[in-house]
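What follows is a set of notes on a single structure, which appears directly below.
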Amino acid sequence: MIRTAAVLRKLAALTTAALLGVAVAPSTASATPDPKAPKEFVALSDVDPTIIQEMRYFTEHNFVGEPIDGYKKPMCILTRPAAKALHKAQAGLLKKGYSLKVYDCYRPQRAVDHFVRWAKDLDDQRMKPEFYPQVDKTRLFADGYIAEKSGHSRGSTVDLTIVKLPARPTRPYVPGEQLAACYGAQKDRFPDNSVDMGTGFDCFDTLAHTDDPRVQGVQRANRDLLRDALGGEGFVNLPEEWWHYTYKPELFPDTYFDFPISRRSLGGNK
């Protein structure tokens, strides 16, 4: 009887261990690490710490209205040639009393996927009054405002503007606050310490087209200042967005990366 009890206790212990192994194994297998950036990627702040960074997709102040997937830190990551070219453009602007300010740089594919899910959710229009007041959300794909792939994911594209020095602080966005149309007069738009470009960043409107003929005077001069500063260092503008520039030739013209935005993703890259 004692021997039988011992055998039963041993079987129970083995069964418990087996069950624990089955329970733990799937959890361990699913904990796949995030991908890392290739060695050609760097943090912009390591190349030029003077360039202002206001990473909008890390915050709730963007057309989605919430922090975007993949933005673990509010930092700009770019391929090294693109970062060095920005450094050269910045040097020229500093001599004129201006600084570059970046809104977005490398963008992981998971962030683009987040945009796509949002665009398909026609009930979520909380940020419409600011970012796309005149565009029906059903038109975002057809009109080219949202796509399933972005040049930003290749690492050499940047969204940016110019700030007059000394830079004034920009007040933080308060979720739920009353929104103002991105194409309104500068005094009526959400406050930004940048020069007046005619619209706010990420404005889904034809007025944001770089050479829209309605943009004249100081606004036209400011857009030209940005284009001249970047064009001289190898950046090419996207005509539909005054803020969007890609460094050419791209290191990775056909690769869309998905490593998250964080210092950890860069490892020892300098």
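Within each chain, counting starts at residue 1; across the structure tokens, chains are named A, B, ... in the order shown, with ligands numbered 1 upward in that order.
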**Prompt:** Please, which residues of range 85-153 of chain A, numbered as in this document, come out alpha helix (DSSP H) from DSSP, as a PyMOL selection string?
**Reply:** chain A and resi 85-95+109-120+128-131
Find the nearest atom pair between each residue of range 46-81 of chain A and range 241-261 of chain A for residues within 8 Å, count only C-alpha atoms, give distances in Å to one decimal, sort rows by chain and ascending number, and present the table as CSV.
```
residue,atom,partner,partner_atom,distance
A:Gly70,CA,A:Pro260,CA,4.6
A:Tyr71,CA,A:Ile261,CA,5.0
A:Lys72,CA,A:Ile261,CA,5.5
A:Lys73,CA,A:Ile261,CA,6.0
A:Pro74,CA,A:Ile261,CA,7.9
A:Met75,CA,A:Ile261,CA,7.0
A:Cys76,CA,A:Ile261,CA,7.9
A:Ile77,CA,A:Ile261,CA,7.2
A:Thr79,CA,A:Leu251,CA,7.4
A:Pro81,CA,A:Tyr247,CA,8.0
```
Residues as selected, N, CA, C and O atoms, written as a PDB file, in the first residue's frame, can you do that?
```pdb
ATOM      1  N   GLY A  70       4.678  51.470 -32.749  1.00  0.00           N
ATOM      2  CA  GLY A  70       6.084  51.442 -33.144  1.00  0.00           C
ATOM      3  C   GLY A  70       6.905  52.609 -32.661  1.00  0.00           C
ATOM      4  O   GLY A  70       8.133  52.571 -32.721  1.00  0.00           O
ATOM      5  N   TYR A  71       6.228  53.668 -32.165  1.00  0.00           N
ATOM      6  CA  TYR A  71       6.949  54.841 -31.674  1.00  0.00           C
ATOM      7  C   TYR A  71       7.156  54.698 -30.165  1.00  0.00           C
ATOM      8  O   TYR A  71       6.396  55.219 -29.364  1.00  0.00           O
ATOM      9  N   LYS A  72       8.218  53.979 -29.792  1.00  0.00           N
ATOM     10  CA  LYS A  72       8.487  53.739 -28.379  1.00  0.00           C
ATOM     11  C   LYS A  72       9.199  54.910 -27.720  1.00  0.00           C
ATOM     12  O   LYS A  72       9.152  55.067 -26.504  1.00  0.00           O
ATOM     13  N   LYS A  73       9.880  55.711 -28.512  1.00  0.00           N
ATOM     14  CA  LYS A  73      10.580  56.897 -28.012  1.00  0.00           C
ATOM     15  C   LYS A  73      10.363  58.052 -28.986  1.00  0.00           C
ATOM     16  O   LYS A  73      10.211  57.834 -30.191  1.00  0.00           O
ATOM     17  N   PRO A  74      10.363  59.290 -28.497  1.00  0.00           N
ATOM     18  CA  PRO A  74      10.198  60.444 -29.394  1.00  0.00           C
ATOM     19  C   PRO A  74      11.533  60.844 -30.007  1.00  0.00           C
ATOM     20  O   PRO A  74      12.121  61.878 -29.668  1.00  0.00           O
ATOM     21  N   MET A  75      12.020  60.020 -30.928  1.00  0.00           N
ATOM     22  CA  MET A  75      13.328  60.275 -31.515  1.00  0.00           C
ATOM     23  C   MET A  75      13.306  60.067 -33.018  1.00  0.00           C
ATOM     24  O   MET A  75      12.477  59.314 -33.548  1.00  0.00           O
ATOM     25  N   CYS A  76      14.206  60.758 -33.694  1.00  0.00           N
ATOM     26  CA  CYS A  76      14.342  60.652 -35.151  1.00  0.00           C
ATOM     27  C   CYS A  76      15.451  59.672 -35.480  1.00  0.00           C
ATOM     28  O   CYS A  76      16.587  59.834 -35.030  1.00  0.00           O
ATOM     29  N   ILE A  77      15.115  58.661 -36.269  1.00  0.00           N
ATOM     30  CA  ILE A  77      16.082  57.685 -36.770  1.00  0.00           C
ATOM     31  C   ILE A  77      16.096  57.778 -38.291  1.00  0.00           C
ATOM     32  O   ILE A  77      15.041  57.860 -38.928  1.00  0.00           O
ATOM     33  N   THR A  79      18.748  56.800 -42.061  1.00  0.00           N
ATOM     34  CA  THR A  79      19.985  56.238 -42.572  1.00  0.00           C
ATOM     35  C   THR A  79      21.087  57.282 -42.400  1.00  0.00           C
ATOM     36  O   THR A  79      20.832  58.489 -42.400  1.00  0.00           O
ATOM     37  N   PRO A  81      23.539  58.464 -44.336  1.00  0.00           N
ATOM     38  CA  PRO A  81      23.697  59.526 -45.344  1.00  0.00           C
ATOM     39  C   PRO A  81      22.624  60.611 -45.241  1.00  0.00           C
ATOM     40  O   PRO A  81      22.923  61.796 -45.411  1.00  0.00           O
TER      41      PRO A  81
END
```
**Message:** Would you pick out the contacts of Thr161 in chain A at 8 Å or less, using only C-alpha atoms, so that residues sharing its chain but fewer than 3 positions from it are not included, and give the list as a VMD selection string?
**Reply:** chain A and resid 100 to 103 194 to 195 226 243
Could you turn the residues from that selection into a file that holds C-alpha atoms, as an mmCIF file, in the first residue's frame?
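Below is the file result_29.cif, written as the result:
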```cif
data_model
loop_
_atom_site.group_PDB
_atom_site.id
_atom_site.type_symbol
_atom_site.label_atom_id
_atom_site.label_comp_id
_atom_site.auth_asym_id
_atom_site.auth_seq_id
_atom_site.Cartn_x
_atom_site.Cartn_y
_atom_site.Cartn_z
ATOM 1 C CA LEU A 100 15.361 72.668 -38.910
ATOM 2 C CA LYS A 101 12.632 70.911 -36.927
ATOM 3 C CA VAL A 102 11.674 67.323 -37.716
ATOM 4 C CA TYR A 103 8.176 65.943 -37.194
ATOM 5 C CA SER A 194 7.847 77.102 -36.914
ATOM 6 C CA VAL A 195 7.731 79.804 -39.558
ATOM 7 C CA LEU A 226 13.210 74.953 -46.858
ATOM 8 C CA TRP A 243 7.134 69.111 -45.396
#
```
What are the closest atom pairs, with distances in Å to one decimal, for all residues of range 120-223 of chain A lying within 7 Å of range 86-98 of chain A? Consider only C-alpha atoms, order rows by chain and residue number, and present the result as CSV.
```
residue,atom,partner,partner_atom,distance
A:Ile162,CA,A:Tyr98,CA,6.6
A:Val163,CA,A:Tyr98,CA,5.6
A:Lys164,CA,A:Tyr98,CA,4.6
A:Leu165,CA,A:Tyr98,CA,5.3
```
**Message:** Restricting the calculation to only C-alpha atoms: of A:Lys137, A:Tyr57, A:Glu148, A:Asp192, which residue gets closest to Asp123 in chain A?
**Reply:**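 With only C-alpha atoms as the atom set, the closest residue is A:Lys137.
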**Request:** Kindly indicate which residue among A:Ala221, A:Val215, A:Val158, A:Val112 lies nearest to Leu238 in chain A, using only C-alpha atoms for the distances.
**Result:**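 Of A:Ala221, A:Val215, A:Val158, A:Val112, the one nearest Leu238 in chain A is A:Val158, counting only C-alpha atoms.
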**Asked** At what distance in Å, to one decimal, does CA of Thr206 in chain A lie from CA of Ala229 in chain A?
**Response**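 Between CA of Ala229 in chain A and CA of Thr206 in chain A the gap is 23.2 Å.
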**Asked** Would you give me, as a ChimeraX atom specification, the residues in range 196-263 of chain A that DSSP reads as strand (DSSP E or B)?
**Response** /A:235-237,244-247,261
**Message:** Give me, as a ChimeraX atom specification, all polymer residues having an atom no more than 10 Å from range 64-67 of chain A, counting only C-alpha atoms and skipping those fewer than 6 positions away in the same chain.
**Reply:** /A:56-58,111,114-115,118-119,124-128,131,175-176
**Item:** For Leu44 in chain A, the nearest of the candidates A:Gln109, A:Thr170, A:Ser156, A:Asn62, counting only C-alpha atoms
**Value:**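 The closest residue to Leu44 in chain A is A:Ser156.
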**Message:** Need the shell around Leu140 in chain A: protein/DNA/RNA residues with any atom at most 12 Å away, counting only C-alpha atoms. Skip same-chain ones fewer than 2 positions apart. Format as a ChimeraX atom specification?
**Reply:** /A:63,115-122,128,131-132,134-138,142-148,204-205
Can I get the selected residues back with N, CA and C atoms, as a compact mmCIF listing (two decimals), in the first residue's frame?
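The resulting file, result.txt, is reproduced below:
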```txt
# COMPACT_ATOMS: atom_id res chain seq x y z
N PHE A 63 -3.19 63.04 -36.94
CA PHE A 63 -4.50 62.85 -37.57
C PHE A 63 -5.26 61.63 -37.05
N PHE A 115 -2.03 53.36 -39.46
CA PHE A 115 -2.70 54.38 -40.28
C PHE A 115 -3.79 53.74 -41.14
N VAL A 116 -3.47 52.61 -41.74
CA VAL A 116 -4.41 51.94 -42.64
C VAL A 116 -5.65 51.49 -41.87
N ARG A 117 -5.45 50.88 -40.70
CA ARG A 117 -6.61 50.46 -39.88
C ARG A 117 -7.48 51.66 -39.53
N TRP A 118 -6.84 52.76 -39.15
CA TRP A 118 -7.58 53.96 -38.80
C TRP A 118 -8.38 54.48 -40.00
N ALA A 119 -7.76 54.50 -41.16
CA ALA A 119 -8.42 55.03 -42.35
C ALA A 119 -9.65 54.22 -42.74
N LYS A 120 -9.62 52.94 -42.43
CA LYS A 120 -10.76 52.07 -42.76
C LYS A 120 -11.88 52.17 -41.73
N ASP A 121 -11.59 52.74 -40.58
CA ASP A 121 -12.60 52.92 -39.53
C ASP A 121 -13.28 54.27 -39.74
N LEU A 122 -14.35 54.27 -40.50
CA LEU A 122 -15.00 55.52 -40.87
C LEU A 122 -15.73 56.19 -39.71
N LYS A 128 -10.70 65.08 -37.46
CA LYS A 128 -11.07 65.65 -38.75
C LYS A 128 -11.06 67.18 -38.76
N PHE A 131 -7.13 68.14 -39.22
CA PHE A 131 -6.24 67.58 -40.24
C PHE A 131 -6.87 67.31 -41.60
N TYR A 132 -8.17 67.08 -41.67
CA TYR A 132 -8.79 66.84 -42.99
C TYR A 132 -10.22 67.38 -43.00
N GLN A 134 -11.88 69.26 -44.98
CA GLN A 134 -12.59 69.34 -46.26
C GLN A 134 -12.50 68.04 -47.07
N VAL A 135 -11.96 66.99 -46.46
CA VAL A 135 -11.80 65.72 -47.18
C VAL A 135 -12.67 64.66 -46.52
N ASP A 136 -13.50 63.99 -47.34
CA ASP A 136 -14.31 62.89 -46.83
C ASP A 136 -13.39 61.72 -46.51
N LYS A 137 -13.53 61.13 -45.35
CA LYS A 137 -12.61 60.07 -44.95
C LYS A 137 -12.64 58.88 -45.90
N THR A 138 -13.73 58.69 -46.61
CA THR A 138 -13.80 57.58 -47.56
C THR A 138 -12.85 57.80 -48.74
N ALA A 142 -8.01 56.83 -52.02
CA ALA A 142 -8.11 57.23 -53.42
C ALA A 142 -7.36 58.53 -53.71
N ASP A 143 -7.37 59.45 -52.75
CA ASP A 143 -6.70 60.73 -52.95
C ASP A 143 -5.23 60.72 -52.56
N GLY A 144 -4.75 59.57 -52.12
CA GLY A 144 -3.33 59.42 -51.85
C GLY A 144 -2.84 59.90 -50.50
N TYR A 145 -3.74 60.20 -49.58
CA TYR A 145 -3.31 60.66 -48.26
C TYR A 145 -2.84 59.49 -47.39
N ILE A 146 -3.40 58.31 -47.60
CA ILE A 146 -3.03 57.11 -46.86
C ILE A 146 -2.71 56.00 -47.86
N ALA A 147 -1.62 55.26 -47.59
CA ALA A 147 -1.24 54.13 -48.44
C ALA A 147 -0.71 53.00 -47.57
N GLU A 148 -0.66 51.80 -48.12
CA GLU A 148 -0.24 50.64 -47.35
C GLU A 148 1.27 50.54 -47.21
N PHE A 204 -4.24 67.50 -44.70
CA PHE A 204 -4.77 66.80 -45.86
C PHE A 204 -5.60 67.79 -46.68
N ASP A 205 -4.89 68.58 -47.47
CA ASP A 205 -5.56 69.64 -48.24
C ASP A 205 -4.63 70.05 -49.37
```
**Prompt:** Counting only C-alpha atoms, which of A:Glu54, A:Glu130, A:Asp69, A:Asp104 gets nearest to Ala181 in chain A?
**Reply:** A:Glu130
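Taking only C-alpha atoms into account, Arg154 in chain A lies nearest to A:Tyr106 out of the set A:Tyr106, A:Phe201, A:Phe141, A:Phe235.
Proximity of A:Asp113, A:Ser265, A:Lys84, A:Gly151 to Pro33 in chain A, computed with only C-alpha atoms, is greatest for A:Ser265.
Residues surrounding Val42 in chain A within 8 Å are Lys39, Glu40, Leu44, Asp46, Val47, Ile77, Leu78, Thr79, Arg80, Ala83, Leu266, Asn269 and Lys270 of chain A [only C-alpha atoms; sequence separation below 2 positions excluded].
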